[in-house]
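See below for the structure under consideration.
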Amino acid sequence: MNALCTATAVPLVHDLVWAHARPADGLEHLRARPATDGGLDVVLFVRARCHGTARQQMHTLLDRVAAPAAVHGFVLRLT
């Protein structure tokens, strides 16, 4: 995570993801919270037919979010 404090980073990441989500992504909601490594853990809840489809939908969404997130110093990783 960059130098932003958690109070600022959590809503910023939340807004970035929602701003770039499309209906086909199946995003229902997300939860962002501070991680033990100093970054953020973001859990994406999606509507999908199976786990593999959900991962593909999230890869597609996070690919769209990556550049705007980088402007704010964030690096996104799907785990």
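Chains: A, B, ... in order of the structure tokens. Residues: from 1 per chain. Ligands: from 1, in order shown.
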
Could you go through chain A and tell me which residues DSSP, when run on the backbone, assigns to alpha helix (DSSP H), listing them as a VMD selection string? chain A and resid 6 to 20 51 to 71

Env of stretch 14-22 of chain A: 8 Å cut, atoms = only C-alpha atoms, seq-sep filter 5 positions within chain, self excluded. Answer as a list in words. Leu27, Leu30, Arg31, Ala32, Leu61, Leu62, Arg64, Val65, Pro68 and Ala69 of chain A

Restrict the selected residues to N, CA and C atoms and save them as a CSV table (one decimal), in the first residue's frame.
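Ended up saving to part-v2.csv:
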```csv
chain,number,residue,atom,x,y,z
A,27,LEU,N,-20.0,-8.4,-9.9
A,27,LEU,CA,-19.7,-8.0,-8.6
A,27,LEU,C,-20.9,-7.6,-7.8
A,30,LEU,N,-18.0,-5.8,-2.1
A,30,LEU,CA,-16.6,-6.0,-1.7
A,30,LEU,C,-16.4,-5.6,-0.3
A,31,ARG,N,-15.3,-6.1,0.2
A,31,ARG,CA,-14.9,-5.7,1.6
A,31,ARG,C,-13.4,-5.4,1.5
A,32,ALA,N,-13.0,-4.3,2.0
A,32,ALA,CA,-11.6,-3.9,2.0
A,32,ALA,C,-11.2,-3.7,3.5
A,61,LEU,N,-12.0,-7.6,-14.3
A,61,LEU,CA,-12.3,-6.4,-13.6
A,61,LEU,C,-11.0,-5.8,-13.1
A,62,LEU,N,-10.1,-6.6,-12.5
A,62,LEU,CA,-8.9,-6.0,-11.9
A,62,LEU,C,-8.0,-5.5,-13.0
A,64,ARG,N,-9.0,-3.8,-15.5
A,64,ARG,CA,-9.5,-2.5,-15.8
A,64,ARG,C,-9.1,-1.5,-14.6
A,65,VAL,N,-9.1,-2.1,-13.4
A,65,VAL,CA,-8.8,-1.2,-12.2
A,65,VAL,C,-7.3,-1.0,-12.0
A,68,PRO,N,-5.8,2.8,-13.0
A,68,PRO,CA,-6.2,3.9,-12.1
A,68,PRO,C,-5.7,3.6,-10.7
A,69,ALA,N,-5.6,2.4,-10.3
A,69,ALA,CA,-5.1,2.1,-8.9
A,69,ALA,C,-3.6,2.5,-8.8
```

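Using only C-alpha atoms, the nearest neighbour of A:Leu76 within the list A:Leu40, A:Leu12, A:Ala24, A:Ala7 is A:Leu40.
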
DSSP on the backbone, strand (DSSP E or B) only: what residues of chain A does that give? Format it as number ranges by chain. A: 27-34, 40-46

What lies within 12 Å of A:Ala35 using only C-alpha atoms, ignoring chain neighbours under 3 positions off, as a PyMOL selection string? chain A and resi 1+6+9-10+31-32+38-43

Store the residues of this selection in a file with N, CA and C atoms, as a PDB file, in the first residue's frame.
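Once written, result07.pdb looks like this:
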```pdb
ATOM      1  N   MET A   1       0.857  -1.176   0.000  1.00  0.00           N
ATOM      2  CA  MET A   1       0.000   0.000   0.000  1.00  0.00           C
ATOM      3  C   MET A   1       0.893   1.226   0.000  1.00  0.00           C
ATOM      4  N   THR A   6      -4.966   4.199   6.188  1.00  0.00           N
ATOM      5  CA  THR A   6      -6.021   3.212   5.962  1.00  0.00           C
ATOM      6  C   THR A   6      -7.383   3.871   5.836  1.00  0.00           C
ATOM      7  N   ALA A   9      -7.332   5.017   2.280  1.00  0.00           N
ATOM      8  CA  ALA A   9      -7.096   3.977   1.280  1.00  0.00           C
ATOM      9  C   ALA A   9      -8.286   3.040   1.108  1.00  0.00           C
ATOM     10  N   VAL A  10      -8.920   2.642   2.200  1.00  0.00           N
ATOM     11  CA  VAL A  10     -10.029   1.687   2.100  1.00  0.00           C
ATOM     12  C   VAL A  10     -11.163   2.234   1.227  1.00  0.00           C
ATOM     13  N   ARG A  31     -15.314  -6.100   0.233  1.00  0.00           N
ATOM     14  CA  ARG A  31     -14.902  -5.706   1.586  1.00  0.00           C
ATOM     15  C   ARG A  31     -13.402  -5.433   1.540  1.00  0.00           C
ATOM     16  N   ALA A  32     -12.999  -4.263   1.956  1.00  0.00           N
ATOM     17  CA  ALA A  32     -11.581  -3.903   2.033  1.00  0.00           C
ATOM     18  C   ALA A  32     -11.232  -3.655   3.496  1.00  0.00           C
ATOM     19  N   GLY A  38       0.686  -4.651   5.989  1.00  0.00           N
ATOM     20  CA  GLY A  38       0.674  -3.210   5.782  1.00  0.00           C
ATOM     21  C   GLY A  38      -0.118  -2.770   4.568  1.00  0.00           C
ATOM     22  N   GLY A  39      -0.560  -3.705   3.749  1.00  0.00           N
ATOM     23  CA  GLY A  39      -1.376  -3.379   2.593  1.00  0.00           C
ATOM     24  C   GLY A  39      -2.848  -3.481   2.924  1.00  0.00           C
ATOM     25  N   LEU A  40      -3.635  -3.781   1.925  1.00  0.00           N
ATOM     26  CA  LEU A  40      -5.070  -3.983   2.108  1.00  0.00           C
ATOM     27  C   LEU A  40      -5.448  -5.353   1.576  1.00  0.00           C
ATOM     28  N   ASP A  41      -6.363  -5.994   2.246  1.00  0.00           N
ATOM     29  CA  ASP A  41      -7.013  -7.185   1.718  1.00  0.00           C
ATOM     30  C   ASP A  41      -8.365  -6.745   1.191  1.00  0.00           C
ATOM     31  N   VAL A  42      -8.655  -7.087  -0.044  1.00  0.00           N
ATOM     32  CA  VAL A  42      -9.944  -6.753  -0.642  1.00  0.00           C
ATOM     33  C   VAL A  42     -10.600  -8.062  -1.070  1.00  0.00           C
ATOM     34  N   VAL A  43     -11.763  -8.317  -0.511  1.00  0.00           N
ATOM     35  CA  VAL A  43     -12.512  -9.528  -0.830  1.00  0.00           C
ATOM     36  C   VAL A  43     -13.646  -9.126  -1.763  1.00  0.00           C
TER      37      VAL A  43
END
```
